[in-house]
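The file coords-v1.pdb contains PDB, C-alpha atoms:
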```
ATOM      1  CA  GLN A   1      98.779  98.582  66.695  1.00  0.00           C
ATOM      2  CA  GLY A   2      96.289  98.856  69.554  1.00  0.00           C
ATOM      3  CA  MET A   3      95.903 102.645  69.282  1.00  0.00           C
ATOM      4  CA  LEU A   4      92.161 102.752  69.835  1.00  0.00           C
ATOM      5  CA  ASP A   5      91.932 106.527  70.297  1.00  0.00           C
ATOM      6  CA  ILE A   6      92.256 107.106  66.537  1.00  0.00           C
ATOM      7  CA  ARG A   7      89.211 108.551  64.768  1.00  0.00           C
ATOM      8  CA  VAL A   8      88.686 109.318  61.086  1.00  0.00           C
ATOM      9  CA  PRO A   9      87.223 112.772  60.283  1.00  0.00           C
ATOM     10  CA  ALA A  10      83.729 112.250  58.852  1.00  0.00           C
ATOM     11  CA  ALA A  11      83.196 115.238  56.575  1.00  0.00           C
ATOM     12  CA  GLY A  12      81.989 115.582  53.023  1.00  0.00           C
ATOM     13  CA  ARG A  13      79.104 114.271  50.953  1.00  0.00           C
ATOM     14  CA  ASP A  14      80.388 111.048  49.414  1.00  0.00           C
ATOM     15  CA  GLU A  15      80.489 107.405  50.540  1.00  0.00           C
ATOM     16  CA  THR A  16      83.711 107.947  52.539  1.00  0.00           C
ATOM     17  CA  VAL A  17      81.616 109.685  55.237  1.00  0.00           C
ATOM     18  CA  LEU A  18      79.634 106.499  55.809  1.00  0.00           C
ATOM     19  CA  LEU A  19      82.885 104.496  55.848  1.00  0.00           C
ATOM     20  CA  ALA A  20      84.496 106.927  58.342  1.00  0.00           C
ATOM     21  CA  ARG A  21      81.466 106.804  60.663  1.00  0.00           C
ATOM     22  CA  SER A  22      81.411 103.001  60.540  1.00  0.00           C
ATOM     23  CA  PHE A  23      85.154 102.874  61.277  1.00  0.00           C
ATOM     24  CA  ASN A  24      84.801 105.279  64.248  1.00  0.00           C
ATOM     25  CA  SER A  25      81.841 103.321  65.589  1.00  0.00           C
ATOM     26  CA  MET A  26      83.759 100.049  65.277  1.00  0.00           C
ATOM     27  CA  VAL A  27      86.820 101.471  67.115  1.00  0.00           C
ATOM     28  CA  GLU A  28      84.604 102.797  69.935  1.00  0.00           C
ATOM     29  CA  THR A  29      82.887  99.415  70.261  1.00  0.00           C
ATOM     30  CA  ILE A  30      86.232  97.578  70.380  1.00  0.00           C
ATOM     31  CA  SER A  31      87.513 100.049  73.035  1.00  0.00           C
ATOM     32  CA  ARG A  32      84.401  99.546  75.154  1.00  0.00           C
ATOM     33  CA  LEU A  33      84.578  95.750  74.871  1.00  0.00           C
ATOM     34  CA  LEU A  34      88.270  95.724  75.828  1.00  0.00           C
ATOM     35  CA  ARG A  35      87.510  97.883  78.897  1.00  0.00           C
ATOM     36  CA  GLU A  36      84.726  95.484  79.895  1.00  0.00           C
ATOM     37  CA  VAL A  37      87.016  92.457  79.461  1.00  0.00           C
ATOM     38  CA  ARG A  38      89.720  94.147  81.578  1.00  0.00           C
ATOM     39  CA  THR A  39      87.209  95.023  84.294  1.00  0.00           C
ATOM     40  CA  GLU A  40      85.836  91.479  84.290  1.00  0.00           C
ATOM     41  CA  GLN A  41      89.334  89.996  84.560  1.00  0.00           C
ATOM     42  CA  GLU A  42      90.117  92.289  87.496  1.00  0.00           C
ATOM     43  CA  ARG A  43      86.863  91.244  89.205  1.00  0.00           C
ATOM     44  CA  LYS A  44      87.678  87.585  88.629  1.00  0.00           C
ATOM     45  CA  GLN A  45      91.193  87.997  90.024  1.00  0.00           C
ATOM     46  CA  ARG A  46      89.824  89.818  93.084  1.00  0.00           C
ATOM     47  CA  ALA A  47      87.221  87.084  93.630  1.00  0.00           C
ATOM     48  CA  GLU A  48      89.873  84.351  93.324  1.00  0.00           C
ATOM     49  CA  MET A  49      92.147  86.209  95.747  1.00  0.00           C
ATOM     50  CA  MET A  50      89.340  86.657  98.271  1.00  0.00           C
ATOM     51  CA  LEU A  51      88.371  83.001  97.990  1.00  0.00           C
ATOM     52  CA  MET A  52      91.973  81.908  98.496  1.00  0.00           C
ATOM     53  CA  GLN A  53      92.417  84.259 101.447  1.00  0.00           C
ATOM     54  CA  ALA A  54      89.148  83.274 103.106  1.00  0.00           C
ATOM     55  CA  GLN A  55      89.989  79.595 103.178  1.00  0.00           C
ATOM     56  CA  ILE A  56      90.825  78.046 106.495  1.00  0.00           C
ATOM     57  CA  LYS A  57      91.637  74.450 105.855  1.00  0.00           C
ATOM     58  CA  PRO A  58      88.896  72.238 107.331  1.00  0.00           C
ATOM     59  CA  HIS A  59      91.380  69.805 108.867  1.00  0.00           C
ATOM     60  CA  PHE A  60      93.147  72.692 110.669  1.00  0.00           C
ATOM     61  CA  LEU A  61      89.835  73.868 112.104  1.00  0.00           C
ATOM     62  CA  PHE A  62      88.846  70.305 113.033  1.00  0.00           C
ATOM     63  CA  ASN A  63      92.203  69.636 114.737  1.00  0.00           C
ATOM     64  CA  THR A  64      92.006  72.932 116.645  1.00  0.00           C
ATOM     65  CA  LEU A  65      88.515  72.114 117.909  1.00  0.00           C
ATOM     66  CA  GLU A  66      89.729  68.638 118.903  1.00  0.00           C
ATOM     67  CA  SER A  67      92.570  70.261 120.872  1.00  0.00           C
ATOM     68  CA  ILE A  68      90.085  72.559 122.634  1.00  0.00           C
ATOM     69  CA  ASN A  69      87.926  69.532 123.408  1.00  0.00           C
ATOM     70  CA  ALA A  70      90.922  67.725 124.930  1.00  0.00           C
ATOM     71  CA  MET A  71      91.654  70.785 127.112  1.00  0.00           C
ATOM     72  CA  ALA A  72      88.012  70.841 128.246  1.00  0.00           C
ATOM     73  CA  ALA A  73      88.279  67.187 129.245  1.00  0.00           C
ATOM     74  CA  GLN A  74      91.304  68.119 131.395  1.00  0.00           C
ATOM     75  CA  ASN A  75      89.586  71.218 132.874  1.00  0.00           C
ATOM     76  CA  GLU A  76      92.172  73.616 131.461  1.00  0.00           C
ATOM     77  CA  GLY A  77      89.976  76.715 131.351  1.00  0.00           C
ATOM     78  CA  ALA A  78      92.751  79.280 130.840  1.00  0.00           C
ATOM     79  CA  LYS A  79      94.188  77.389 127.872  1.00  0.00           C
ATOM     80  CA  ILE A  80      90.718  76.980 126.359  1.00  0.00           C
ATOM     81  CA  MET A  81      90.145  80.741 126.594  1.00  0.00           C
ATOM     82  CA  GLN A  82      93.465  81.431 124.906  1.00  0.00           C
ATOM     83  CA  MET A  83      92.856  78.925 122.099  1.00  0.00           C
ATOM     84  CA  VAL A  84      89.323  80.195 121.452  1.00  0.00           C
ATOM     85  CA  ARG A  85      90.624  83.793 121.373  1.00  0.00           C
ATOM     86  CA  ARG A  86      93.342  82.800 118.897  1.00  0.00           C
ATOM     87  CA  LEU A  87      90.899  80.857 116.732  1.00  0.00           C
ATOM     88  CA  SER A  88      88.409  83.746 116.659  1.00  0.00           C
ATOM     89  CA  ASN A  89      91.245  86.099 115.635  1.00  0.00           C
ATOM     90  CA  LEU A  90      92.129  83.752 112.760  1.00  0.00           C
ATOM     91  CA  LEU A  91      88.528  83.612 111.588  1.00  0.00           C
ATOM     92  CA  ARG A  92      88.070  87.383 111.913  1.00  0.00           C
ATOM     93  CA  THR A  93      91.108  88.115 109.742  1.00  0.00           C
ATOM     94  CA  SER A  94      90.199  85.445 107.192  1.00  0.00           C
ATOM     95  CA  MET A  95      86.705  86.862 106.810  1.00  0.00           C
ATOM     96  CA  HIS A  96      87.853  90.500 106.725  1.00  0.00           C
ATOM     97  CA  GLN A  97      86.155  92.202 103.769  1.00  0.00           C
ATOM     98  CA  SER A  98      89.249  94.040 102.556  1.00  0.00           C
ATOM     99  CA  GLU A  99      92.101  92.280 100.774  1.00  0.00           C
ATOM    100  CA  VAL A 100      94.504  94.682 102.487  1.00  0.00           C
ATOM    101  CA  ILE A 101      95.053  94.882 106.255  1.00  0.00           C
ATOM    102  CA  THR A 102      97.645  96.506 108.499  1.00  0.00           C
ATOM    103  CA  VAL A 103     100.920  94.771 109.308  1.00  0.00           C
ATOM    104  CA  ARG A 104      99.723  94.801 112.942  1.00  0.00           C
ATOM    105  CA  GLN A 105      96.663  92.699 111.978  1.00  0.00           C
ATOM    106  CA  GLU A 106      98.763  90.382 109.802  1.00  0.00           C
ATOM    107  CA  VAL A 107     101.280  89.824 112.613  1.00  0.00           C
ATOM    108  CA  GLU A 108      98.467  89.105 115.092  1.00  0.00           C
ATOM    109  CA  HIS A 109      96.959  86.663 112.615  1.00  0.00           C
ATOM    110  CA  VAL A 110     100.199  84.720 112.191  1.00  0.00           C
ATOM    111  CA  ARG A 111     100.831  84.860 115.962  1.00  0.00           C
ATOM    112  CA  SER A 112      97.400  83.287 116.540  1.00  0.00           C
ATOM    113  CA  TYR A 113      98.130  80.633 113.934  1.00  0.00           C
ATOM    114  CA  LEU A 114     101.509  79.843 115.508  1.00  0.00           C
ATOM    115  CA  GLU A 115     100.119  79.751 119.058  1.00  0.00           C
ATOM    116  CA  ILE A 116      97.509  77.196 117.998  1.00  0.00           C
ATOM    117  CA  GLN A 117     100.110  75.117 116.150  1.00  0.00           C
ATOM    118  CA  THR A 118     102.570  75.383 119.055  1.00  0.00           C
ATOM    119  CA  TYR A 119     100.004  73.880 121.390  1.00  0.00           C
ATOM    120  CA  ARG A 120      99.329  71.059 118.938  1.00  0.00           C
ATOM    121  CA  PHE A 121     103.019  70.424 118.110  1.00  0.00           C
ATOM    122  CA  GLU A 122     104.753  71.760 121.215  1.00  0.00           C
ATOM    123  CA  GLU A 123     107.641  69.299 121.001  1.00  0.00           C
ATOM    124  CA  ILE A 124     108.183  69.826 117.267  1.00  0.00           C
ATOM    125  CA  PHE A 125     108.887  73.564 116.959  1.00  0.00           C
ATOM    126  CA  THR A 126     109.109  76.958 118.631  1.00  0.00           C
ATOM    127  CA  TYR A 127     109.036  80.399 117.059  1.00  0.00           C
ATOM    128  CA  THR A 128     110.292  83.966 117.434  1.00  0.00           C
ATOM    129  CA  LEU A 129     108.572  87.074 116.138  1.00  0.00           C
ATOM    130  CA  ASP A 130     110.665  90.255 115.772  1.00  0.00           C
ATOM    131  CA  VAL A 131     108.596  93.174 114.474  1.00  0.00           C
ATOM    132  CA  GLU A 132     109.793  96.771 114.286  1.00  0.00           C
ATOM    133  CA  GLU A 133     107.275  99.212 115.807  1.00  0.00           C
ATOM    134  CA  GLU A 134     107.328 101.600 112.816  1.00  0.00           C
ATOM    135  CA  VAL A 135     105.978  98.992 110.352  1.00  0.00           C
ATOM    136  CA  LEU A 136     102.783  98.166 112.272  1.00  0.00           C
ATOM    137  CA  ASP A 137     100.550 100.722 110.545  1.00  0.00           C
ATOM    138  CA  TYR A 138     101.730  99.913 107.015  1.00  0.00           C
ATOM    139  CA  GLU A 139      99.339  97.895 104.861  1.00  0.00           C
ATOM    140  CA  VAL A 140      99.895  94.451 103.380  1.00  0.00           C
ATOM    141  CA  LEU A 141      97.883  91.908 101.409  1.00  0.00           C
ATOM    142  CA  LYS A 142      96.117  89.815 104.046  1.00  0.00           C
ATOM    143  CA  LEU A 143      97.324  86.261 104.779  1.00  0.00           C
ATOM    144  CA  THR A 144     100.774  86.956 103.371  1.00  0.00           C
ATOM    145  CA  LEU A 145     102.659  85.283 106.206  1.00  0.00           C
ATOM    146  CA  GLN A 146     100.516  82.267 107.133  1.00  0.00           C
ATOM    147  CA  PRO A 147     101.151  80.172 103.968  1.00  0.00           C
ATOM    148  CA  LEU A 148     104.923  80.646 104.367  1.00  0.00           C
ATOM    149  CA  VAL A 149     104.861  79.759 108.065  1.00  0.00           C
ATOM    150  CA  GLU A 150     102.538  76.825 107.372  1.00  0.00           C
ATOM    151  CA  ASN A 151     105.028  75.563 104.803  1.00  0.00           C
ATOM    152  CA  CYS A 152     107.794  75.628 107.439  1.00  0.00           C
ATOM    153  CA  ILE A 153     105.685  73.512 109.799  1.00  0.00           C
ATOM    154  CA  GLN A 154     104.465  71.034 107.183  1.00  0.00           C
ATOM    155  CA  HIS A 155     107.689  70.553 105.233  1.00  0.00           C
ATOM    156  CA  GLY A 156     110.600  72.336 106.905  1.00  0.00           C
ATOM    157  CA  PHE A 157     111.064  70.073 109.898  1.00  0.00           C
ATOM    158  CA  GLU A 158     110.753  66.675 108.223  1.00  0.00           C
ATOM    159  CA  GLY A 159     113.827  64.611 109.102  1.00  0.00           C
ATOM    160  CA  LEU A 160     115.103  67.225 111.568  1.00  0.00           C
ATOM    161  CA  GLU A 161     116.646  65.935 114.769  1.00  0.00           C
ATOM    162  CA  GLY A 162     115.675  68.185 117.655  1.00  0.00           C
ATOM    163  CA  VAL A 163     113.231  71.050 117.925  1.00  0.00           C
ATOM    164  CA  GLY A 164     112.479  73.193 114.889  1.00  0.00           C
ATOM    165  CA  LEU A 165     112.643  76.971 115.020  1.00  0.00           C
ATOM    166  CA  ILE A 166     110.708  79.462 112.900  1.00  0.00           C
ATOM    167  CA  ALA A 167     112.112  82.997 113.039  1.00  0.00           C
ATOM    168  CA  ILE A 168     109.941  85.776 111.629  1.00  0.00           C
ATOM    169  CA  ALA A 169     111.243  89.323 111.254  1.00  0.00           C
ATOM    170  CA  VAL A 170     109.333  92.323 109.909  1.00  0.00           C
ATOM    171  CA  ARG A 171     111.403  95.429 109.199  1.00  0.00           C
ATOM    172  CA  LEU A 172     111.335  98.701 107.312  1.00  0.00           C
ATOM    173  CA  ARG A 173     113.995  98.790 104.579  1.00  0.00           C
ATOM    174  CA  GLU A 174     114.312 101.808 102.276  1.00  0.00           C
ATOM    175  CA  GLY A 175     110.646 102.728 102.650  1.00  0.00           C
ATOM    176  CA  ALA A 176     109.353  99.181 102.060  1.00  0.00           C
ATOM    177  CA  VAL A 177     108.171  96.576 104.559  1.00  0.00           C
ATOM    178  CA  GLU A 178     110.417  93.512 104.491  1.00  0.00           C
ATOM    179  CA  PHE A 179     109.198  90.139 105.757  1.00  0.00           C
ATOM    180  CA  GLU A 180     111.771  87.453 106.546  1.00  0.00           C
ATOM    181  CA  ILE A 181     110.793  83.910 107.475  1.00  0.00           C
ATOM    182  CA  LYS A 182     113.558  81.451 108.333  1.00  0.00           C
ATOM    183  CA  ASP A 183     113.550  77.966 109.772  1.00  0.00           C
ATOM    184  CA  ASN A 184     116.278  75.578 110.896  1.00  0.00           C
ATOM    185  CA  GLY A 185     114.919  72.699 108.824  1.00  0.00           C
ATOM    186  CA  ILE A 186     117.027  70.434 106.646  1.00  0.00           C
ATOM    187  CA  GLY A 187     116.314  72.554 103.544  1.00  0.00           C
ATOM    188  CA  MET A 188     116.071  71.429  99.930  1.00  0.00           C
ATOM    189  CA  ASN A 189     118.447  69.400  97.882  1.00  0.00           C
ATOM    190  CA  GLU A 190     120.076  70.905  94.769  1.00  0.00           C
ATOM    191  CA  ALA A 191     117.649  69.219  92.359  1.00  0.00           C
ATOM    192  CA  ALA A 192     114.594  70.710  94.131  1.00  0.00           C
ATOM    193  CA  LEU A 193     116.203  74.161  94.173  1.00  0.00           C
ATOM    194  CA  ARG A 194     116.953  73.959  90.444  1.00  0.00           C
ATOM    195  CA  ARG A 195     113.305  73.027  89.727  1.00  0.00           C
ATOM    196  CA  LEU A 196     112.141  76.172  91.580  1.00  0.00           C
ATOM    197  CA  GLY A 197     114.788  78.391  89.979  1.00  0.00           C
TER     198      GLY A 197
END
```
Exercise: express the given structure as structure tokens:
Amino acid sequence: QGMLDIRVPAAGRDETVLLARSFNSMVETISRLLREVRTEQERKQRAEMMLMQAQIKPHFLFNTLESINAMAAQNEGAKIMQMVRRLSNLLRTSMHQSEVITVRQEVEHVRSYLEIQTYRFEEIFTYTLDVEEEVLDYEVLKLTLQPLVENCIQHGFEGLEGVGLIAIAVRLREGAVEFEIKDNGIGMNEAALRRLG
């Protein structure tokens, strides 16, 4: 039944002592192996999470550098400085050793991402960021917001007439940090919603 703390008393002078010792040794070995498997699985999950978090899509990086190059060609020094600062912030957060960062760092990361994307797609969308001051020092798994915001940009505004809007709110609700990401895109049809449900 998985109760691996059970041991058989090994006392006496007959063959049951040898059997009891063998049983106890076997249970200890199984316990140790299970602990090692659990530890290895946790390491693997951490490694996968870090790999996923560290990824900045090559085409995003390439497009950002192309945008900076275009600004350089037009002698837009102030914009270049801002874009390089935003890009370095993205890279710094992505390469952060810890899987957990503060909400302040996460918000700055997504702000940098959005600023870069706003420059590239300035006529496609705008964004708002409403963050309560008291949540900034809480901790969150890094790169929590970017995939959701990226999804809004890549899929939310397809077929939308007019400018898209991404509204991000971060609040404290009953002792927990609540993230809300909304867009004014056309949404999903019923069939797609049922597939996700």
ask   = What does the distance from atom CA of A:Leu90 to atom CA of A:Glu158 come to in Å, to one decimal?
value =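 Result for atom CA of A:Leu90 versus atom CA of A:Glu158: 25.7 Å, one decimal.
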inquiry  = Could you list, as a list in words, every residue matched by the PyMOL selection byres ((chain A and resi 175-177) around 9) in this structure?
reply    =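 Listing what the PyMOL selection byres ((chain A and resi 175-177) around 9) selects in the shown file: Val103, Val135, Tyr138, Glu139, Val140, Val170, Arg171, Leu172, Arg173, Glu174, Glu178 and Phe179 of chain A.
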message = Please enumerate the residues selected by the PyMOL selection byres ((chain A and resi 108-116) around 6) when evaluated against the supplied file, formatted as a ChimeraX atom specification.
response = /A:86,90,105-107,117-119,146
request  = Would you mind listing what lies within 7 Å of stretch 78-83 of chain A as a list in words, with only C-alpha atoms counted and same-chain residues fewer than 4 positions away left out?
outcome  =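 Skipping anything fewer than 4 positions along the chain leaves Ile68, Met71, Ala72, Leu87 and Ile116 of chain A.
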remark   = note - atom CA of A:Thr126 and atom CA of A:Leu165 are separated by 5.1 Å
inquiry  = I want to know what sits within 10 Å of A:Pro9, based on all atoms listed in the file, with residues of the same chain fewer than 3 positions away left out; could you give that as number ranges by chain?
reply    = A: 6, 12, 16-17, 20-21, 24
inquiry  = Could you tell me how far atom CA of A:Asp5 sits from atom CA of A:Thr29, in Å to one decimal place?
reply    =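 Between these atoms lies a distance of 11.5 Å.
Of the listed residues (A:Met3, A:Ala169, A:Ile101, A:Leu196), A:Met3 comes nearest to A:Ser31; the distances count only C-alpha atoms.
Applied to the file shown here, the PyMOL selection byres ((chain A and resi 181) around 9) selects A:Leu145, A:Leu148, A:Val149, A:Cys152, A:Ile166, A:Ala167, A:Ile168, A:Ala169, A:Val170, A:Phe179, A:Glu180, A:Lys182, A:Asp183.
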request  = Identify which of the residues A:Arg46, A:Ser88, A:Glu134, A:Asn151 lies closest to A:Val100, counting only C-alpha atoms when measuring atom-to-atom distances.
outcome  = A:Arg46
